[in-house]
Every structure is written in C-alpha cells, then in structure tokens.
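For reference, start_17.cif is printed below; it contains mmCIF, C-alpha atoms.
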```cif
data_final
#
loop_
_atom_site.label_atom_id
_atom_site.label_comp_id
_atom_site.auth_asym_id
_atom_site.auth_seq_id
_atom_site.Cartn_x
_atom_site.Cartn_y
_atom_site.Cartn_z
CA MET K 1 -20.22 -48.07 -53.93
CA HIS K 2 -17.41 -50.13 -55.49
CA ASP K 3 -18.39 -53.13 -53.39
CA LEU K 4 -21.96 -52.97 -54.66
CA VAL K 5 -20.77 -52.67 -58.27
CA TRP K 6 -18.56 -55.77 -57.97
CA LEU K 7 -21.34 -57.84 -56.42
CA LEU K 8 -23.87 -56.63 -59.01
CA LEU K 9 -21.56 -57.42 -61.95
CA PHE K 10 -20.86 -60.96 -60.77
CA ALA K 11 -24.54 -61.49 -60.03
CA LEU K 12 -25.32 -60.49 -63.63
CA ILE K 13 -22.60 -62.85 -64.89
CA ALA K 14 -24.10 -65.69 -62.89
CA ALA K 15 -27.61 -64.87 -64.16
CA ALA K 16 -26.63 -64.38 -67.80
CA GLY K 17 -24.22 -67.32 -68.04
CA PRO K 18 -25.16 -70.64 -69.60
CA SER K 19 -24.54 -72.57 -66.38
CA ARG K 20 -27.02 -72.64 -63.48
CA ASP K 21 -24.92 -75.07 -61.51
CA PRO K 22 -24.85 -74.05 -57.80
CA ALA K 23 -21.13 -74.77 -57.59
CA THR K 24 -20.46 -72.29 -60.42
CA ILE K 25 -22.56 -69.60 -58.75
CA ILE K 26 -20.75 -70.15 -55.45
CA LEU K 27 -17.36 -69.84 -57.18
CA LEU K 28 -18.43 -66.65 -58.97
CA PHE K 29 -19.55 -65.05 -55.71
CA ALA K 30 -16.36 -66.20 -54.00
CA LEU K 31 -14.42 -64.34 -56.71
CA ALA K 32 -16.64 -61.27 -56.23
CA ILE K 33 -16.12 -61.31 -52.46
CA LEU K 34 -12.34 -61.59 -52.94
CA GLN K 35 -12.43 -58.52 -55.21
CA VAL K 36 -14.33 -56.65 -52.49
CA ILE K 37 -12.13 -57.55 -49.52
CA GLU K 38 -8.90 -57.10 -51.50
CA GLU K 39 -9.34 -53.32 -51.30
CA LYS K 40 -10.03 -53.41 -47.57
CA VAL K 41 -7.35 -55.74 -46.19
CA PRO K 42 -3.94 -53.97 -45.75
CA PHE K 43 -2.04 -57.21 -46.45
CA PHE K 44 -3.34 -57.30 -50.03
CA ALA K 45 -1.89 -53.82 -50.63
CA LEU K 46 1.63 -55.27 -50.22
CA PRO K 47 3.35 -56.88 -53.25
CA LYS K 48 3.28 -60.34 -51.66
CA GLY K 49 -0.35 -59.83 -50.69
CA SER K 50 -1.23 -58.84 -54.25
CA VAL K 51 0.53 -61.95 -55.57
CA ALA K 52 -1.41 -64.14 -53.12
CA ALA K 53 -4.75 -62.54 -54.05
CA ASN K 54 -4.12 -62.98 -57.77
CA LEU K 55 -3.09 -66.62 -57.32
CA ILE K 56 -6.37 -67.24 -55.47
CA LYS K 57 -8.27 -65.51 -58.29
CA LEU K 58 -6.44 -67.67 -60.82
CA ALA K 59 -7.38 -70.82 -58.88
CA LEU K 60 -11.04 -69.74 -58.63
CA GLY K 61 -11.06 -68.90 -62.34
CA TRP K 62 -9.63 -72.29 -63.21
CA LEU K 63 -12.33 -74.00 -61.12
CA ILE K 64 -15.07 -71.94 -62.82
CA VAL K 65 -13.80 -72.85 -66.29
CA TYR K 66 -13.43 -76.50 -65.27
CA GLN K 67 -16.92 -76.57 -63.77
CA THR K 68 -18.62 -74.94 -66.77
CA GLY K 69 -16.64 -76.64 -69.53
CA ARG K 70 -16.80 -80.32 -68.62
CA PRO K 71 -15.75 -82.58 -70.23
CA PHE K 72 -13.70 -80.05 -72.27
CA GLY K 73 -12.70 -77.01 -70.21
CA VAL K 74 -11.36 -75.22 -73.27
CA THR K 75 -14.92 -74.94 -74.59
CA SER K 76 -16.21 -73.05 -71.53
CA SER K 77 -17.87 -69.69 -72.16
CA TYR K 78 -16.19 -68.50 -68.96
CA PHE K 79 -12.63 -68.79 -70.33
CA TRP K 80 -12.27 -65.00 -70.07
CA ILE K 81 -12.61 -65.20 -66.25
CA LEU K 82 -8.89 -66.08 -66.25
CA LEU K 83 -8.26 -62.48 -67.35
CA VAL K 84 -9.29 -61.16 -63.92
CA PRO K 85 -5.96 -61.99 -62.18
CA VAL K 86 -4.04 -60.84 -65.30
CA VAL K 87 -5.66 -57.38 -65.28
CA SER K 88 -5.39 -57.15 -61.49
CA ALA K 89 -1.67 -58.00 -61.61
CA ALA K 90 -1.14 -55.46 -64.37
CA THR K 91 -2.51 -52.68 -62.16
CA THR K 92 -0.63 -53.61 -58.99
CA LEU K 93 2.52 -55.58 -59.88
CA GLY K 94 3.89 -53.75 -62.88
CA MET K 95 4.72 -55.03 -66.34
CA ALA K 96 6.64 -58.04 -64.96
CA GLY K 97 3.68 -59.06 -62.83
CA ALA K 98 1.31 -58.70 -65.78
CA LEU K 99 3.60 -60.86 -67.92
CA VAL K 100 3.94 -63.57 -65.25
CA PHE K 101 0.20 -63.83 -64.65
CA ALA K 102 -0.54 -63.74 -68.39
CA VAL K 103 1.74 -66.77 -68.77
CA LEU K 104 0.09 -68.45 -65.76
CA ALA K 105 -3.38 -67.75 -67.20
CA CYS K 106 -2.34 -69.23 -70.56
CA GLY K 107 -0.89 -72.27 -68.80
CA SER K 108 -4.06 -72.70 -66.74
CA TYR K 109 -6.20 -72.56 -69.86
CA LEU K 110 -3.96 -74.95 -71.78
CA SER K 111 -4.05 -77.41 -68.87
CA PHE K 112 -7.60 -78.32 -69.88
CA LEU K 113 -6.18 -79.97 -72.99
CA LEU K 114 -4.84 -82.66 -70.66
CA TYR K 115 -8.42 -83.76 -69.87
CA ILE K 116 -9.31 -84.58 -73.49
CA ASP K 117 -9.52 -88.25 -74.42
CA TYR K 118 -7.64 -88.06 -77.70
CA ASP K 119 -8.62 -91.66 -78.51
CA ARG K 120 -12.24 -90.51 -78.84
CA TYR K 121 -11.89 -86.80 -79.70
CA ASN K 122 -9.60 -84.58 -81.72
CA VAL K 123 -9.18 -80.80 -81.95
CA PRO K 124 -10.13 -79.41 -85.37
CA PRO K 125 -7.69 -76.96 -87.00
CA ASP K 126 -10.16 -74.05 -86.76
CA GLN K 127 -10.47 -74.69 -83.00
CA ILE K 128 -6.69 -74.59 -82.67
CA SER K 129 -6.75 -71.11 -84.23
CA GLU K 130 -9.50 -70.13 -81.79
CA LEU K 131 -7.44 -71.46 -78.94
CA LEU K 132 -4.40 -69.43 -80.04
CA LEU K 133 -6.52 -66.28 -80.35
CA ARG K 134 -7.78 -66.73 -76.79
CA LEU K 135 -4.23 -67.16 -75.52
CA LEU K 136 -3.10 -64.05 -77.39
CA ALA K 137 -6.06 -62.18 -75.87
CA PHE K 138 -4.66 -62.88 -72.41
CA ALA K 139 -1.34 -61.29 -73.39
CA VAL K 140 -2.85 -58.33 -75.27
CA ILE K 141 -5.36 -57.43 -72.56
CA GLY K 142 -2.71 -57.79 -69.84
CA TYR K 143 -0.38 -55.48 -71.77
CA LEU K 144 -3.13 -52.93 -72.41
CA ALA K 145 -4.19 -53.02 -68.75
CA ARG K 146 -0.62 -52.33 -67.70
CA ARG K 147 -0.32 -49.40 -70.11
CA VAL K 148 -3.56 -47.93 -68.76
CA ALA K 149 -2.30 -48.41 -65.19
CA GLU K 150 1.00 -46.69 -66.08
CA ALA K 151 -0.89 -43.78 -67.62
CA GLN K 152 -2.99 -43.46 -64.46
CA HIS K 153 0.08 -43.61 -62.26
CA LEU K 154 1.75 -40.96 -64.40
CA GLU K 155 -1.28 -38.69 -64.11
CA ALA K 156 -1.36 -39.30 -60.37
CA ARG K 157 2.32 -38.32 -60.08
CA ARG K 158 1.72 -35.22 -62.16
CA ALA K 159 -1.24 -34.31 -59.97
CA GLN K 160 0.88 -34.78 -56.84
CA GLU K 161 3.65 -32.65 -58.32
CA ALA K 162 1.11 -29.98 -59.25
CA VAL K 163 -0.29 -30.03 -55.70
CA ALA K 164 3.24 -29.75 -54.28
CA LYS K 165 4.04 -26.83 -56.60
CA LEU K 166 0.78 -25.11 -55.69
CA ALA K 167 1.53 -25.60 -52.00
CA GLU K 168 5.03 -24.15 -52.49
CA ALA K 169 3.64 -21.25 -54.51
CA ASN K 170 1.02 -20.63 -51.83
CA ARG K 171 3.70 -20.67 -49.14
CA SER K 172 5.86 -18.26 -51.12
CA LEU K 173 2.86 -16.02 -51.70
CA GLN K 174 2.06 -15.97 -47.99
CA GLU K 175 5.69 -15.14 -47.18
CA ALA K 176 5.65 -12.37 -49.80
CA GLU K 177 2.41 -10.96 -48.41
CA ALA K 178 3.84 -11.06 -44.90
CA ALA K 179 7.00 -9.29 -46.13
CA VAL K 180 4.91 -6.59 -47.84
CA ARG K 181 2.82 -6.05 -44.72
CA ARG K 182 5.98 -5.93 -42.64
CA SER K 183 7.57 -3.39 -45.00
CA GLU K 184 4.48 -1.21 -44.90
CA ARG K 185 4.41 -1.28 -41.11
CA LEU K 186 8.14 -0.56 -41.00
CA ALA K 187 7.76 2.45 -43.28
CA ALA K 188 4.86 3.93 -41.31
CA LEU K 189 6.42 3.29 -37.92
CA GLY K 190 9.78 4.53 -39.18
CA GLN K 191 8.30 7.91 -40.07
CA LEU K 192 6.50 8.06 -36.74
CA SER K 193 9.67 7.11 -34.84
CA ALA K 194 11.75 9.71 -36.64
CA GLY K 195 9.31 12.50 -35.86
CA LEU K 196 8.85 11.42 -32.27
CA ALA K 197 12.58 11.01 -31.67
CA HIS K 198 13.38 14.47 -32.99
CA GLU K 199 10.64 15.97 -30.82
CA LEU K 200 11.99 14.20 -27.72
CA ARG K 201 15.62 15.12 -28.23
CA ASN K 202 15.21 18.80 -27.26
CA PRO K 203 13.27 18.33 -23.99
CA LEU K 204 15.59 15.49 -23.02
CA GLY K 205 18.56 17.77 -23.51
CA THR K 206 16.92 20.44 -21.40
CA ILE K 207 16.13 17.95 -18.60
CA ARG K 208 19.70 16.60 -18.67
CA ALA K 209 21.22 20.09 -18.49
CA SER K 210 18.86 21.08 -15.69
CA ALA K 211 19.79 17.98 -13.69
CA GLU K 212 23.49 18.79 -14.06
CA MET K 213 22.90 22.39 -12.95
CA LEU K 214 20.98 21.16 -9.91
CA MET K 215 23.80 18.84 -8.94
CA LYS K 216 26.36 21.65 -9.22
CA ASN K 217 24.30 24.11 -7.15
CA MET K 218 23.17 21.68 -4.43
CA PRO K 219 24.98 21.60 -1.12
CA ALA K 220 27.26 18.64 -0.79
CA GLU K 221 25.57 17.60 2.43
CA ASP K 222 22.15 17.27 0.70
CA GLY K 223 22.75 13.66 -0.41
CA THR K 224 19.13 12.80 -1.11
CA ALA K 225 18.63 15.69 -3.54
CA ARG K 226 21.92 14.94 -5.30
CA GLU K 227 20.94 11.26 -5.58
CA LEU K 228 17.58 12.18 -7.11
CA ALA K 229 19.28 14.53 -9.57
CA GLY K 230 21.61 11.67 -10.51
CA PHE K 231 18.60 9.43 -11.12
CA ILE K 232 17.17 12.08 -13.42
CA ALA K 233 20.40 12.30 -15.41
CA SER K 234 20.82 8.52 -15.71
CA GLU K 235 17.22 8.00 -16.78
CA VAL K 236 17.56 10.78 -19.33
CA ASP K 237 20.66 9.04 -20.69
CA ARG K 238 18.76 5.75 -20.93
CA THR K 239 15.85 7.47 -22.67
CA ASN K 240 18.23 9.27 -24.99
CA SER K 241 19.82 5.92 -25.88
CA LEU K 242 16.37 4.61 -26.73
CA VAL K 243 15.69 7.67 -28.89
CA THR K 244 18.98 7.03 -30.68
CA ARG K 245 17.81 3.50 -31.48
CA PHE K 246 14.52 4.91 -32.76
CA LEU K 247 16.44 7.20 -35.09
CA GLU K 248 18.69 4.34 -36.12
CA PHE K 249 15.62 2.35 -37.07
CA ALA K 250 14.00 5.25 -38.93
CA ARG K 251 17.12 6.55 -40.68
CA PRO K 252 17.49 5.33 -44.27
CA LEU K 253 20.38 2.89 -44.49
CA GLU K 254 22.92 3.13 -47.29
CA LEU K 255 24.30 -0.16 -48.50
CA LYS K 256 28.01 -0.39 -49.22
CA PRO K 257 28.30 -3.82 -50.81
CA GLN K 258 31.77 -5.26 -51.24
CA THR K 259 32.82 -8.78 -52.14
CA ALA K 260 33.51 -10.54 -48.85
CA GLU K 261 33.74 -13.92 -47.20
CA LEU K 262 30.46 -14.67 -45.43
CA ALA K 263 32.06 -17.06 -42.92
CA GLU K 264 34.46 -14.34 -41.73
CA VAL K 265 31.58 -11.94 -41.09
CA ILE K 266 29.67 -14.57 -39.10
CA ASP K 267 32.84 -15.42 -37.16
CA ARG K 268 33.16 -11.77 -36.08
CA ALA K 269 29.57 -11.81 -34.83
CA VAL K 270 30.26 -15.03 -32.90
CA THR K 271 33.37 -13.46 -31.35
CA ASP K 272 31.39 -10.36 -30.35
CA LEU K 273 28.81 -12.62 -28.68
CA ALA K 274 31.57 -14.35 -26.69
CA ARG K 275 32.78 -10.94 -25.45
CA ALA K 276 29.32 -9.62 -24.69
CA THR K 277 28.28 -8.45 -21.25
CA PRO K 278 26.60 -10.23 -19.61
CA ARG K 279 28.30 -13.44 -20.64
CA TYR K 280 26.07 -16.18 -22.05
CA ASP K 281 26.79 -19.78 -21.10
CA VAL K 282 26.14 -21.25 -24.53
CA THR K 283 28.25 -23.08 -27.09
CA VAL K 284 28.07 -21.87 -30.69
CA TYR K 285 28.57 -24.57 -33.31
CA LYS K 286 29.48 -23.53 -36.85
CA ASN K 287 28.47 -25.56 -39.87
CA TYR K 288 29.64 -23.63 -42.93
CA SER K 289 29.16 -25.05 -46.41
CA PRO K 290 32.30 -24.94 -48.58
CA ASP K 291 30.07 -24.26 -51.59
CA VAL K 292 29.25 -20.70 -50.46
CA PRO K 293 31.23 -18.35 -52.72
CA ARG K 294 32.54 -14.89 -51.98
CA PHE K 295 29.84 -12.45 -53.00
CA ALA K 296 28.88 -8.79 -52.64
CA PHE K 297 27.06 -7.58 -49.52
CA ASP K 298 27.45 -4.94 -46.83
CA ALA K 299 29.65 -6.78 -44.35
CA GLU K 300 29.17 -4.22 -41.55
CA LEU K 301 25.37 -4.28 -41.71
CA MET K 302 25.19 -8.05 -42.11
CA GLU K 303 27.45 -8.47 -39.07
CA ARG K 304 24.81 -6.54 -37.12
CA VAL K 305 22.18 -8.95 -38.48
CA PHE K 306 24.10 -12.04 -37.36
CA TRP K 307 24.96 -10.45 -34.02
CA ASN K 308 21.30 -9.74 -33.27
CA LEU K 309 20.20 -13.23 -34.29
CA LEU K 310 22.97 -14.88 -32.26
CA LEU K 311 22.20 -12.65 -29.27
CA ASN K 312 18.50 -13.55 -29.38
CA ALA K 313 19.40 -17.24 -29.69
CA ALA K 314 21.82 -17.03 -26.74
CA GLN K 315 19.27 -15.20 -24.60
CA GLY K 316 16.64 -17.83 -25.35
CA THR K 317 18.92 -20.84 -24.80
CA PRO K 318 19.21 -22.33 -21.28
CA PRO K 319 22.67 -22.13 -19.63
CA GLY K 320 24.97 -24.81 -20.98
CA GLY K 321 22.90 -25.08 -24.15
CA GLU K 322 23.87 -24.93 -27.80
CA VAL K 323 23.36 -22.52 -30.67
CA THR K 324 24.12 -23.58 -34.23
CA VAL K 325 24.80 -21.36 -37.22
CA LYS K 326 24.72 -23.01 -40.66
CA THR K 327 25.27 -21.81 -44.21
CA ARG K 328 24.47 -23.37 -47.57
CA THR K 329 23.60 -22.40 -51.14
CA VAL K 330 19.95 -22.65 -52.24
CA ASN K 331 18.78 -21.80 -55.79
CA GLY K 332 21.14 -18.91 -56.41
CA SER K 333 20.95 -17.64 -52.83
CA VAL K 334 22.90 -18.22 -49.65
CA GLU K 335 20.95 -19.42 -46.63
CA ILE K 336 22.19 -18.59 -43.14
CA ALA K 337 20.32 -20.42 -40.37
CA VAL K 338 20.64 -19.62 -36.67
CA ILE K 339 19.23 -22.49 -34.59
CA ASP K 340 18.57 -22.41 -30.85
CA ARG K 341 17.08 -24.90 -28.40
CA GLY K 342 15.19 -22.35 -26.36
CA PRO K 343 11.53 -22.06 -25.39
CA GLY K 344 10.42 -21.28 -28.93
CA ILE K 345 7.88 -18.73 -30.10
CA ALA K 346 4.14 -19.01 -29.67
CA PRO K 347 2.33 -19.45 -33.03
CA ARG K 348 0.28 -16.31 -32.42
CA ASP K 349 3.50 -14.24 -32.17
CA LEU K 350 5.24 -15.49 -35.32
CA GLU K 351 3.55 -12.88 -37.52
CA SER K 352 4.52 -10.04 -35.18
CA ILE K 353 8.13 -10.75 -34.18
CA PHE K 354 9.57 -8.56 -36.96
CA ASN K 355 7.27 -5.64 -36.08
CA PRO K 356 8.93 -2.67 -34.40
CA PHE K 357 8.31 -2.40 -30.65
CA PHE K 358 7.03 -5.97 -30.41
CA THR K 359 8.95 -8.04 -27.90
CA THR K 360 8.39 -10.96 -25.56
CA LYS K 361 11.37 -10.02 -23.36
CA LYS K 362 10.93 -8.31 -20.03
CA GLU K 363 13.65 -5.81 -20.91
CA GLY K 364 13.56 -4.86 -24.55
CA VAL K 365 12.03 -2.39 -26.94
CA GLY K 366 11.47 -4.76 -29.88
CA LEU K 367 13.69 -3.02 -32.42
CA GLY K 368 16.39 -5.65 -32.92
CA LEU K 369 14.55 -7.96 -35.31
CA ALA K 370 12.87 -5.01 -37.02
CA ILE K 371 16.28 -3.56 -37.88
CA VAL K 372 17.54 -7.01 -38.91
CA SER K 373 14.57 -7.43 -41.25
CA LYS K 374 15.14 -3.97 -42.69
CA ILE K 375 18.81 -4.72 -43.48
CA VAL K 376 17.97 -8.06 -45.10
CA ASP K 377 15.24 -6.42 -47.21
CA LEU K 378 17.71 -3.78 -48.39
CA HIS K 379 19.98 -6.57 -49.63
CA GLY K 380 17.08 -7.98 -51.67
CA GLY K 381 16.91 -10.98 -49.36
CA ARG K 382 14.23 -12.42 -47.14
CA MET K 383 13.83 -13.89 -43.68
CA THR K 384 11.80 -16.78 -42.37
CA VAL K 385 11.33 -18.26 -38.94
CA GLU K 386 10.34 -21.74 -37.83
CA SER K 387 9.54 -22.30 -34.20
CA GLU K 388 7.79 -24.77 -31.96
CA PRO K 389 7.11 -23.95 -28.32
CA GLY K 390 9.45 -25.90 -26.09
CA LYS K 391 11.72 -27.03 -28.93
CA GLY K 392 13.52 -23.91 -30.10
CA SER K 393 13.57 -21.68 -33.16
CA ILE K 394 15.29 -21.46 -36.54
CA PHE K 395 15.82 -18.04 -38.09
CA ARG K 396 16.79 -18.24 -41.76
CA VAL K 397 18.31 -15.41 -43.80
CA PHE K 398 18.36 -15.77 -47.58
CA LEU K 399 20.74 -13.44 -49.44
CA PRO K 400 21.00 -13.29 -53.23
CA VAL K 401 24.48 -14.09 -54.52
CA ARG K 402 25.75 -11.13 -56.49
CA LEU K 403 29.29 -11.63 -57.77
CA ARG K 404 31.34 -8.53 -58.56
#
```
As structure tokens, please, write out the structure in this file.
Amino acid sequence: MHDLVWLLLFALIAAAGPSRDPATIILLFALAILQVIEEKVPFFALPKGSVAANLIKLALGWLIVYQTGRPFGVTSSYFWILLVPVVSAATTLGMAGALVFAVLACGSYLSFLLYIDYDRYNVPPDQISELLLRLLAFAVIGYLARRVAEAQHLEARRAQEAVAKLAEANRSLQEAEAAVRRSERLAALGQLSAGLAHELRNPLGTIRASAEMLMKNMPAEDGTARELAGFIASEVDRTNSLVTRFLEFARPLELKPQTAELAEVIDRAVTDLARATPRYDVTVYKNYSPDVPRFAFDAELMERVFWNLLLNAAQGTPPGGEVTVKTRTVNGSVEIAVIDRGPGIAPRDLESIFNPFFTTKKEGVGLGLAIVSKIVDLHGGRMTVESEPGKGSIFRVFLPVRLR
C-alpha cells in the first residue's frame, strides 16, 4: 500500500509540474523508486545505509532542480524536492542528522547561484528575501519533522512499556490464579486426607497387633508363616508411615517466626542432604547474596522447604552433576532459587507438580512439593517453577522480608 502511495504521489507531481521534460520525469520516478526500496532493503535500515540513501536523494533532488530551473536553478518550482532527504534524515538519523542534511540541502540550493552570469543578470533584493525564506524553510521543516519523529518514538516506547507491563500483569495474574487453584485443591484434599488417615489408623493398629500375636504364637520351626507375619508387620509400618505423612499434610501448621539468617538455614538443609541415605553424587554450589538481611520466618519449617527442594534436585540430577542454590533480594522479597541440571519437567505436568499425590517418581506419594507449597503460602510467599525437558529445572521461593 505504501509503495503504491509513493508512486502515485510522484506521478501526480510529474503530471502537475510545469516541466514535461523526459529527463525530469525519469529523475522523479527514480526518487520514487528509491523511497519504495529504502523500506525493503535491510542495509538502508542501518545508520550508514540511511546516510547513503539520503545522499542519493539529495543528488537526485539537485538534478531535478537543475533540470527544471535552467538557466537559473534557484527559480525552479521544484526547489522543495530538496526537503525529501531532510525530512527522511530527521526521522531516521536524529536531530544531528536532520541538522546536517538541512545544511547540505541549503548548500545544494545555494550552489545554483554559481551558475548565474552576473555580468548579464543580477538578483533583486526581493528575490534575496525569497531565497532566505526558502533556506529557512529547510531548517524549520527539518526541525519540525524531527520533533514529530521524536513524539512518535516516545509514543512507541510508551506503547512497548505498556505491553510489557500488561504481559507482566497477565503473568502475575496467571500465577495468582494457579496459586488460588492450588490452595483450593490443597484445602479439599487436606480434609479428605485427614478423615481417611484417621479412619485407617485403627484398622492398621489392629492388623499390626494381630501380626505380632501370630508371630508370638507360631512355632519356631514354621519359618514361612513367621516370614509372612513379618511381611504383614513391615507393610503395616510402611502404610502407617504414609498415613502419618497424610496427617502431616492435613494438619494445620503453626508458624513460629523468629528473626534468623537465611543462609544458615539453607546451609543446614545442604548438610542434611550430604548426610542423607542413600547418598547422592552431586555437588551443591551456594551463591548467597550479601544484600539479604536477617528477617522473620519459621526457620524449622523453611529448612524442610529447602531440604525437599534440594532432595528433588539431587534425585533429578545425574551422578557427578551439580545443584545450585542462589539467594537475592527482589522488590521487598527474598528469592531463593534451587537449580538442577536434570531431565526437567514436561510442560503438561508443570501445573500439577504442587498438587498432593501427584508425582513422576516411581517411588513417591507426591506430598513433598505440596507440603513445601503449603509452608511457603503460610509465610505469605509464593513459588514458581521454570523447566525445560532435558535442560533442568529452577524452583524459586519468594519470601516477604518482615523485619522484627
């Protein structure tokens, strides 16, 4: 559409102008074609390319004025064609570029005075005033074009900033909605878990006691029966441990915030990971920001958070790999990031990883991250996760800084 407009405008100029000289028409269309291809050739988008294009426009404009104003170029009706490179420079090269090309346009126009035979002709005073007005027009229009371009650039920057803010607001809204959905699921499943766990405790106790009685009353030589009774007892213990975790998840937690050093709490979690059984062949790198102040939080509960995140990272990292834990301050909050180089999380699972009983591990009940999320929510914080399959995951915990 723009190409057609440029060609149509220059065609109208050629048709409406006083000159029907073929050379003038060719020069006008050459200028129109340059305007068209300037927007399509990447080189002309560079500063040096813009300078080259405007110099060519200036040369074409000078030829048009010379061709239509012979023997006196200053009398040409096409003098304003020299404004084209001035306006173009104003929009692409800044105020300095507009000034330089305004001076060049004035110099080009004044150069036609060199072709006057002053022995035969003179320039009347009123024509000198006209000449000065035309020169001032070059400067004024160049300045105005630059101001318009600056206003457009400012509006474009404001629009980009508005788009960025909207994108950030949309992202925050999506995270908030996900947190609300997660909290609702946690509340419902917590009530269900509590009721189910209490109902299971009694029969499990009865089964465990019965297995012990069987073992006591069985003949010592009946090894198979005693082994089966032992299996019953051990499986009951494992199930009872699972029920205990259900209750732990469902039980309301009571925060006991005290001013503490965050780095010390993370260090304890790292030490616990190093002593864990089985041992994990990973190296934990610490990158603590010195700007993180002492602030109030429940150190015991947050140690459980960091332990779970470090354990998940170690389990997902190949032997000999690395896990990084970083801290920094962000807008009145402290960010703790646990970074692994494991297999990552599939995009379809990112929304579900904080749900109770959701797990991608062969041996796991999916309560670790649910409890972690619950503790962080109780602190008034939030959690995010970034992951790409095959490249690892980053779990971020944001805690509000409350000084006491």
TODO: Specify as a VMD selection string each residue included when the PyMOL selection byres ((chain K and resi 204) around 10) is applied to this file.
DONE: chain K and resid 199 to 203 205 to 210 233 235 to 237 239 to 240 243
Open item on the list: What does the structure give for the distance between CA of Tyr143 (chain K) and CA of Leu99 (chain K), in Å to one decimal?
Closed with: 7.7 Å
Let me know the residues the PyMOL selection byres ((chain K and resi 387) around 12) catches in the file above, as a PDB file with C-alpha atoms, keeping the file's coordinate frame.
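Final file, selection-v3.pdb:
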```
ATOM      1  CA  ALA K 313      19.400 -17.240 -29.690  1.00  0.00           C
ATOM      2  CA  VAL K 338      20.640 -19.620 -36.670  1.00  0.00           C
ATOM      3  CA  ILE K 339      19.230 -22.490 -34.590  1.00  0.00           C
ATOM      4  CA  ASP K 340      18.570 -22.410 -30.850  1.00  0.00           C
ATOM      5  CA  ARG K 341      17.080 -24.900 -28.400  1.00  0.00           C
ATOM      6  CA  GLY K 342      15.190 -22.350 -26.360  1.00  0.00           C
ATOM      7  CA  PRO K 343      11.530 -22.060 -25.390  1.00  0.00           C
ATOM      8  CA  GLY K 344      10.420 -21.280 -28.930  1.00  0.00           C
ATOM      9  CA  ILE K 345       7.880 -18.730 -30.100  1.00  0.00           C
ATOM     10  CA  ALA K 346       4.140 -19.010 -29.670  1.00  0.00           C
ATOM     11  CA  PRO K 347       2.330 -19.450 -33.030  1.00  0.00           C
ATOM     12  CA  ARG K 348       0.280 -16.310 -32.420  1.00  0.00           C
ATOM     13  CA  ASP K 349       3.500 -14.240 -32.170  1.00  0.00           C
ATOM     14  CA  LEU K 350       5.240 -15.490 -35.320  1.00  0.00           C
ATOM     15  CA  GLU K 351       3.550 -12.880 -37.520  1.00  0.00           C
ATOM     16  CA  ILE K 353       8.130 -10.750 -34.180  1.00  0.00           C
ATOM     17  CA  THR K 384      11.800 -16.780 -42.370  1.00  0.00           C
ATOM     18  CA  VAL K 385      11.330 -18.260 -38.940  1.00  0.00           C
ATOM     19  CA  GLU K 386      10.340 -21.740 -37.830  1.00  0.00           C
ATOM     20  CA  GLU K 388       7.790 -24.770 -31.960  1.00  0.00           C
ATOM     21  CA  PRO K 389       7.110 -23.950 -28.320  1.00  0.00           C
ATOM     22  CA  GLY K 390       9.450 -25.900 -26.090  1.00  0.00           C
ATOM     23  CA  LYS K 391      11.720 -27.030 -28.930  1.00  0.00           C
ATOM     24  CA  GLY K 392      13.520 -23.910 -30.100  1.00  0.00           C
ATOM     25  CA  SER K 393      13.570 -21.680 -33.160  1.00  0.00           C
ATOM     26  CA  ILE K 394      15.290 -21.460 -36.540  1.00  0.00           C
ATOM     27  CA  PHE K 395      15.820 -18.040 -38.090  1.00  0.00           C
ATOM     28  CA  ARG K 396      16.790 -18.240 -41.760  1.00  0.00           C
TER      29      ARG K 396
END
```
TODO: Run the PyMOL selection byres ((chain K and resi 310) around 10) against the file shown and list the residues it catches, as JSON, numbers by chain.
DONE: {"K": [266, 269, 270, 272, 273, 284, 304, 305, 306, 307, 308, 309, 311, 312, 313, 314, 315, 316, 323, 324, 325, 338, 339, 340, 395]}
TODO: Using CA of Glu300 (chain K) and CA of Pro257 (chain K) as the two end points, give the distance in Å to one decimal.
DONE: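 Answer for the CA of Glu300 (chain K) to CA of Pro257 (chain K) separation: 9.3 Å.
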TODO: With a distance cut-off of 7 Å and only C-alpha atoms, select the neighbouring residues of Val86 (chain K), excluding the residue or stretch itself and same-chain residues fewer than 6 positions from it, and output the selection as a list in words.
DONE: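 The contact residues come out as Ala98, Phe101, Ala102 and Gly142 of chain K.
Of the residues listed (K:Thr244, K:Thr68, K:Gln35, K:Asn287), K:Asn287 shows the shortest atom-to-atom separation from Ile336 (chain K); distances use all atoms listed in the file.
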